[in-house]
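In what follows, a single structure is set out as structure tokens and then discussed.
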Amino acid sequence: MIVVVSQSKLPDVISTRLTLDEYRAMEENNPERHEYRNGEIFTMSGGSEIHSLIASNFLIYLGFLLRDTDFRLYSSDLRIWIPDYQCGTYADLMVISGEPAFNGDRQDEILNPLLIVEVLSPSTEAYDRGEKFRKYRSLSSLCEYLLVSQTEPYIEQYHNLARESNDFWQWKDYSDMAQGIFLNSLGVDIPLSEIYRRIRF
């Protein structure tokens with residue numbers, strides 16, 4: 001028996017655990033996405049129409065900017081593996097520099113995200129801001145993290161100022177649709193008006 005719980009109600013204990021191989025097999029044949037946390041399985045909450053549109057806007061505009069570079073842009077279909085926490089999870093968007101570093105012989109688990117973007121949902125916002133960001137920061141490749149609101153034009157940017165450590169993260173926020181966000185890790189600007197294109201608040 002497999003017990004899967006929603007991220008909106010994170011329990012202290014899950015009665016049934018899965019091995020990593022069982023989890024991977026389940027993900028290959030399951031339309032829902034699940035996060036793996038050292039044997040515990042959590043359902044990733046489904047996105048709203050606005051959530052999907054914001055992620056698509058980001059993907060389209062950033063994909064155009066990066067089309068002739070060595071950066072690679074991935075949607076939420078590709079899993080991020082976080083070795084220090086034995087955690088497999090999905091981001092709304094991630095960018096890597098150069099070739100992907102896969103987890104062993106897996107072609108569906110990335111180890112080297114440079115930039116991660118999460119579109120916030122009510123059920124996952126606290127996790128995205130807290131525990132998930134802490135796990136992401138254990139990845140030495142990660143330089144930048146964006147949290148994008150879907151209820152108002154508001155984006156938080158975290159940028160690692162010291163690549164040799166994870167102790168110097170700079171925070172900045174944006175709420176003016178006329179503003180552009182300079183992505184330090186990629187060297188490009190993306191306007192808030194493009195991220196929130198066709199979104200009505």
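Identifiers in this document derive from the order of the structure tokens: chains are assigned A, B, ..., residues are numbered from 1 separately in each chain, and ligands are numbered from 1 in order of occurrence.
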Distance query region 107-118 of chain A at most 7 Å, only C-alpha atoms, self and fewer than 2 positions along chain excluded, as a PyMOL selection string:
chain A and resi 78-82+91-97+100-103+105+120+141-148+185
Which residues are close to Arg198 (chain A), i.e. within 10 Å by only C-alpha atoms, leaving aside same-chain residues fewer than 6 positions away? Reply as a list in words.
Ile50, Leu53, Ile54 and Asn57 of chain A
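You can rank A:Tyr90, A:Phe168, A:Phe133, A:Tyr23 by their closest distance to Asp77 (chain A) using only C-alpha atoms, and at the top of that list sits A:Tyr90.
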Which neighbours of region 30-33 of chain A fall inside 9 Å, counting only C-alpha atoms, when residues of the same chain fewer than 5 positions from it are skipped, and could you give them as a PyMOL selection string?
chain A and resi 25+42-46+77+89-90
Among region 11-193 of chain A, which residues carry a DSSP assignment of alpha helix (DSSP H), reported as number ranges by chain?
A: 20-28, 49-65, 125-129, 131-136, 192-193
DSSP says strand (DSSP E) for which residues of region 53-132 of chain A? Put them as a ChimeraX atom specification?
/A:71-74,79-82,87-89,93-97,109-110,115-119
Deliver the residues from the most recent selection as a file, using N, CA and C atoms, as an mmCIF file, in the first residue's frame.
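The result, stored in out-v8.cif:
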data_model
loop_
_atom_site.group_PDB
_atom_site.id
_atom_site.type_symbol
_atom_site.label_atom_id
_atom_site.label_comp_id
_atom_site.auth_asym_id
_atom_site.auth_seq_id
_atom_site.Cartn_x
_atom_site.Cartn_y
_atom_site.Cartn_z
ATOM 1 N N PHE A 71 23.151 28.415 -22.036
ATOM 2 C CA PHE A 71 22.201 28.108 -20.976
ATOM 3 C C PHE A 71 21.083 27.219 -21.519
ATOM 4 N N ARG A 72 20.589 26.320 -20.664
ATOM 5 C CA ARG A 72 19.475 25.443 -21.019
ATOM 6 C C ARG A 72 18.335 25.676 -20.043
ATOM 7 N N LEU A 73 17.144 25.813 -20.613
ATOM 8 C CA LEU A 73 15.955 26.139 -19.842
ATOM 9 C C LEU A 73 15.035 24.925 -19.813
ATOM 10 N N TYR A 74 14.545 24.582 -18.603
ATOM 11 C CA TYR A 74 13.692 23.411 -18.448
ATOM 12 C C TYR A 74 12.416 23.778 -17.702
ATOM 13 N N ARG A 79 12.984 16.492 -13.029
ATOM 14 C CA ARG A 79 13.147 16.466 -11.571
ATOM 15 C C ARG A 79 14.536 16.972 -11.163
ATOM 16 N N ILE A 80 14.571 17.686 -10.048
ATOM 17 C CA ILE A 80 15.833 18.099 -9.435
ATOM 18 C C ILE A 80 16.139 17.130 -8.312
ATOM 19 N N TRP A 81 17.352 16.598 -8.313
ATOM 20 C CA TRP A 81 17.761 15.700 -7.230
ATOM 21 C C TRP A 81 18.700 16.447 -6.299
ATOM 22 N N ILE A 82 18.407 16.403 -4.985
ATOM 23 C CA ILE A 82 19.179 17.123 -3.971
ATOM 24 C C ILE A 82 19.839 16.081 -3.074
ATOM 25 N N CYS A 87 16.389 14.053 -1.705
ATOM 26 C CA CYS A 87 15.122 14.651 -2.088
ATOM 27 C C CYS A 87 15.049 14.810 -3.604
ATOM 28 N N GLY A 88 13.954 14.355 -4.177
ATOM 29 C CA GLY A 88 13.674 14.582 -5.588
ATOM 30 C C GLY A 88 12.456 15.479 -5.689
ATOM 31 N N THR A 89 12.583 16.599 -6.385
ATOM 32 C CA THR A 89 11.489 17.555 -6.440
ATOM 33 C C THR A 89 11.435 18.232 -7.801
ATOM 34 N N LEU A 93 10.411 26.204 -13.041
ATOM 35 C CA LEU A 93 11.346 26.526 -14.113
ATOM 36 C C LEU A 93 12.753 26.446 -13.567
ATOM 37 N N MET A 94 13.681 25.961 -14.375
ATOM 38 C CA MET A 94 15.082 26.021 -13.977
ATOM 39 C C MET A 94 15.957 26.210 -15.206
ATOM 40 N N VAL A 95 17.123 26.803 -14.961
ATOM 41 C CA VAL A 95 18.115 27.012 -16.006
ATOM 42 C C VAL A 95 19.417 26.398 -15.528
ATOM 43 N N ILE A 96 20.123 25.734 -16.433
ATOM 44 C CA ILE A 96 21.458 25.238 -16.133
ATOM 45 C C ILE A 96 22.443 25.886 -17.095
ATOM 46 N N SER A 97 23.704 25.860 -16.728
ATOM 47 C CA SER A 97 24.753 26.401 -17.581
ATOM 48 C C SER A 97 25.528 25.250 -18.198
ATOM 49 N N GLU A 109 16.789 13.272 -13.718
ATOM 50 C CA GLU A 109 17.131 13.916 -12.454
ATOM 51 C C GLU A 109 18.364 14.796 -12.633
ATOM 52 N N ILE A 110 18.177 16.093 -12.479
ATOM 53 C CA ILE A 110 19.228 17.086 -12.679
ATOM 54 C C ILE A 110 19.878 17.446 -11.339
ATOM 55 N N LEU A 115 19.655 28.604 -11.948
ATOM 56 C CA LEU A 115 18.538 29.474 -11.579
ATOM 57 C C LEU A 115 17.301 28.611 -11.395
ATOM 58 N N ILE A 116 16.554 28.866 -10.331
ATOM 59 C CA ILE A 116 15.289 28.169 -10.096
ATOM 60 C C ILE A 116 14.202 29.215 -9.895
ATOM 61 N N VAL A 117 13.055 28.985 -10.537
ATOM 62 C CA VAL A 117 11.896 29.864 -10.406
ATOM 63 C C VAL A 117 10.728 29.049 -9.857
ATOM 64 N N GLU A 118 10.096 29.560 -8.811
ATOM 65 C CA GLU A 118 8.891 28.952 -8.263
ATOM 66 C C GLU A 118 7.757 29.973 -8.301
ATOM 67 N N VAL A 119 6.629 29.600 -8.921
ATOM 68 C CA VAL A 119 5.419 30.413 -8.879
ATOM 69 C C VAL A 119 4.649 29.981 -7.633
#
Selection: 12 Å around Arg134 (chain A), only C-alpha atoms, excl. self and same-chain fewer than 2 positions, as an MDAnalysis selection string:
chainID A and resid 82 84:85 87 126:132 136:139 142 145 166:167 169
Between CA of Leu59 (chain A) and CA of Leu161 (chain A), what is the distance in Å, rounded to a tenth?
24.9 Å
